[in-house]
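Engineer: Before I ask anything, here is the structure I am working with.
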Amino acid sequence: MLFGITHIFASFCVFCYIKVEYTYFMKKSISTFLKHTAQDKVNRSANPAIVRASTIFFKSMQELLNHKHVSKNKRIDYYDYGRAGTQTTTQLQNIIVELEKAHHVFLTPSGFAAVALSIMSICRPGDEIIVTDSVYFPTRMLTSKLLKEFGVKAQFYNPDDLEDLKNKITKNTKMIFVENPGSNTFEFQDLSQIIKLAKKNNIITALDNTWGTPLFLRPLDIGFDMSISSATKYFSGHSDVMVGTLAVNKKVFSKVNFYNRVSGYRASPDDAYLVIRGLRTLDVRLEKHQRNTKEVIKFLIKQKKIKEVLYPHKKGTKNYKNWKKYYTGSTGLVGLVIKSKSKNSVYKFVNKLELFGIGYSWGGFESLAVYQDIQREFKKYNDKNLHIVRLHIGLEDPKDLILDLKQSLKNIK
């Protein structure tokens, strides 16, 4: 049975407040919704039009000037400047709002820009921010280096010890930034305990949920104020576009919206279209990534040269329990802890892989491999003979991937 849902989105340009309203129908399941949303009813197309614009025409000076004084409850169904967006970017916002169950979604030109938007919107001189120690390295640089220049103190907590987080909270703590699982080392945290601490101390929370996607975890539903996704990765799924999304609740909307206005962040209509295209098959691709990864892990855990597989696969472990508590599925990013006295031989293992491309990012259709140097305060893998290789398991035949890994593992000494 179909039922109508009307979403009214508040979209801001530099000078004015604009509301854009779109109505669409949603089936009961997300899978069906992703196949039927964002259609161009005017042109009878299965996909939305790509609307590019900088200048927006007005019928008169009076109409233009009225945008500066529009009342809060008045609906205006057009923008006044291209930086505020177009119909194409709004269609993408509509989809992500539904997936995240958010009050509003902001689009940025990259995933890391969404991280920066979340942090820079909240932190001010004299504030403190507490960050997961296993955070994405550019996020570490932003919080520990750049924020310091603006009088904001950053502290990093051990993701394996929430008591450490609790002990770092002060009266000046304004924000807790979580990445789950941890970048490269894949620690899964007890998220509800973090939310409990934050609410008790009136602290704003953000979660980088790129690994899980809102199909497997909705951060806002469990109490986070902000949910970040690099749409570059699974949302897009084709390794050809860079976009970030920041989903927010009502509590932080005004602050984020203000910084978004003055920072000039914008996702292009062409990039938004490519992400919409990718989202059509997000559920199907994630199911395949998950299935392939489980098959590959069955092989990896039997290999003597691999000390540990960093993935929520082992029942009874803390990581598995925390993953199972919050997530409805798992994706294709895996860490390998390799024990070897020869770093060069681990490099050779990566170099000799034939089906795994060597490069950054992940979430596309292809498998990838990259050696990772871990920079942390809490030295979890500080043995010089332990090495971490990150794998992204793509959409290839898992049997072929396993054979490739098998032949290349022989290079590790």
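Ordering of the structure tokens sets the chain letters (A, B, ...), residue numbers begin anew at 1 in every chain, and ligands are numbered from 1 in the order given.
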Considering only C-alpha atoms, tabulate each residue of stretch 377-410 of chain A that lies at most 9 Å from stretch 290-293 of chain A along with its nearest interatomic pair and the corresponding distance in Å to one decimal; arrange the rows by chain and ascending residue number and present them as a tab-separated table.

Structural biologist:
```
residue	atom	partner	partner_atom	distance
A:His392	CA	A:Thr293	CA	8.5
A:Ile393	CA	A:Thr293	CA	5.8
A:Gly394	CA	A:Asn292	CA	7.5
A:Leu395	CA	A:Asn292	CA	7.2
A:Glu396	CA	A:Asn292	CA	8.1
A:Asp397	CA	A:Asn292	CA	7.6
A:Pro398	CA	A:Asn292	CA	5.4
A:Lys399	CA	A:Asn292	CA	8.9
```

Engineer: Need to verify the contact set: stretch 159-175 of chain A, 10 Å, only C-alpha atoms, exclusion of same-chain residues closer than 2 positions in sequence. Can you return it as a PyMOL selection string?

Structural biologist: chain A and resi 118-119+122-124+126-135+152-157+177-182+186-191+193-194+197-198+201-206+318-319+378+380

Engineer: Check stretch 133-359 of chain A with DSSP on the backbone and list each residue it calls strand (DSSP E), as a ChimeraX atom specification.

Structural biologist: /A:153-157,173-179,204-208,226-230,244-248,306-310,333-339,356-358

Engineer: Include C-alpha atoms and write out the residues we just selected as a CSV table (one decimal), in the first residue's frame.

Structural biologist:
```
chain,number,residue,atom,x,y,z
A,153,LYS,CA,41.4,21.9,23.1
A,154,ALA,CA,41.2,18.3,21.7
A,155,GLN,CA,41.6,15.2,23.7
A,156,PHE,CA,41.6,11.6,22.4
A,157,TYR,CA,40.1,8.7,24.3
A,173,THR,CA,33.6,19.7,26.9
A,174,LYS,CA,31.3,20.8,24.1
A,175,MET,CA,31.5,17.8,21.7
A,176,ILE,CA,32.2,14.1,21.6
A,177,PHE,CA,33.2,12.9,18.1
A,178,VAL,CA,33.0,9.1,17.5
A,179,GLU,CA,34.0,7.0,14.5
A,204,ILE,CA,26.8,17.4,21.6
A,205,THR,CA,27.6,14.1,19.8
A,206,ALA,CA,28.6,13.2,16.2
A,207,LEU,CA,29.2,9.8,14.7
A,208,ASP,CA,31.1,9.1,11.5
A,226,MET,CA,24.8,14.3,14.0
A,227,SER,CA,25.4,11.4,11.6
A,228,ILE,CA,28.2,11.7,9.0
A,229,SER,CA,28.6,9.6,5.8
A,230,SER,CA,31.1,9.9,3.1
A,244,GLY,CA,29.6,14.1,2.0
A,245,THR,CA,26.3,14.1,4.0
A,246,LEU,CA,25.7,15.4,7.4
A,247,ALA,CA,22.3,14.5,8.9
A,248,VAL,CA,21.3,16.4,12.0
A,306,ILE,CA,47.6,-13.5,9.7
A,307,LYS,CA,47.6,-12.9,13.4
A,308,GLU,CA,44.1,-11.3,13.6
A,309,VAL,CA,41.2,-10.3,11.3
A,310,LEU,CA,39.7,-7.0,12.3
A,333,LEU,CA,36.0,-3.1,4.9
A,334,VAL,CA,38.4,-5.4,6.8
A,335,GLY,CA,41.7,-5.0,8.6
A,336,LEU,CA,44.5,-7.7,8.7
A,337,VAL,CA,47.1,-7.8,11.4
A,338,ILE,CA,50.1,-9.5,9.9
A,339,LYS,CA,53.1,-10.7,11.9
A,356,PHE,CA,43.0,-5.8,-5.3
A,357,GLY,CA,43.8,-2.2,-6.5
A,358,ILE,CA,46.3,-0.3,-4.4
```

Engineer: Could you give me, as a tab-separated table, every stretch 261-325 of chain A residue with an atom at most 12 Å from stretch 51-60 of chain A, plus its closest atom pair and distance in Å to one decimal, counting only C-alpha atoms, rows ordered by chain then number?

Structural biologist:
```
residue	atom	partner	partner_atom	distance
A:Arg266	CA	A:Ser54	CA	11.7
A:Ala267	CA	A:Arg52	CA	11.1
A:Ser268	CA	A:Arg52	CA	7.9
A:Pro269	CA	A:Arg52	CA	6.0
A:Asp270	CA	A:Arg52	CA	7.8
A:Asp271	CA	A:Arg52	CA	10.9
A:Ala272	CA	A:Val51	CA	10.2
A:Tyr273	CA	A:Val51	CA	9.5
```

Engineer: Mind giving me the straight-line distance from atom CA of A:Phe112 to atom CA of A:Tyr265 in Å, one decimal?

Structural biologist: 11.8 Å

Engineer: Using DSSP on the backbone coordinates, identify the residues of stretch 147-199 of chain A assigned to alpha helix (DSSP H); present them as a list in words.

Structural biologist: Leu147, Lys148, Glu149, Leu162, Glu163, Asp164, Leu165, Lys166, Asn167, Lys168, Leu191, Ser192, Gln193, Ile194, Ile195, Lys196, Leu197, Ala198 and Lys199 of chain A

Engineer: Grab the atom CA of A:Ile297 to atom CA of A:Ser342 distance for me, in Å with one decimal place.

Structural biologist: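 Distance reported for this atom pair: 23.7 Å.
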
Engineer: So that I can see what lies close to A:Val241, please list as a list in words the residues with an atom at most 8 Å from it, counting only C-alpha atoms and leaving out residues fewer than 5 positions away in the same chain.

Structural biologist: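 Once the adjacent positions are removed, what remains is Thr232, Ser236, Asp271, Leu274 and Val275 of chain A.
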
Engineer: With C-alpha atoms retained, write the just-selected residues as a PDB file, in the first residue's frame.

Structural biologist:
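Everything below was put into result.pdb:
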```
ATOM      1  CA  THR A 232      31.965   9.018  -1.924  1.00  0.00           C
ATOM      2  CA  SER A 236      27.978   6.282  -4.673  1.00  0.00           C
ATOM      3  CA  ASP A 271      27.757  14.812  -8.244  1.00  0.00           C
ATOM      4  CA  LEU A 274      25.701  10.307  -9.450  1.00  0.00           C
ATOM      5  CA  VAL A 275      25.090   9.615  -5.758  1.00  0.00           C
TER       6      VAL A 275
END
```

Engineer: I'd like the contact shell of stretch 368-372 of chain A - 9 Å cut-off, only C-alpha atoms, skipping same-chain residues fewer than 4 positions apart - returned as a VMD selection string.

Structural biologist: chain A and resid 184 346 to 347 350 to 351 353 355 to 362 387 to 394

Engineer: Between atom CA of A:Phe106 and atom CA of A:Asn257, what is the distance in Å, rounded to a tenth?

Structural biologist: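 About the pair atom CA of A:Phe106 and atom CA of A:Asn257: they are 8.1 Å apart.
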
Engineer: Nearest to A:Val97: which of A:Ser254, A:Asn249, A:Ser367, A:Gln407 is it, counting only C-alpha atoms?

Structural biologist: A:Asn249
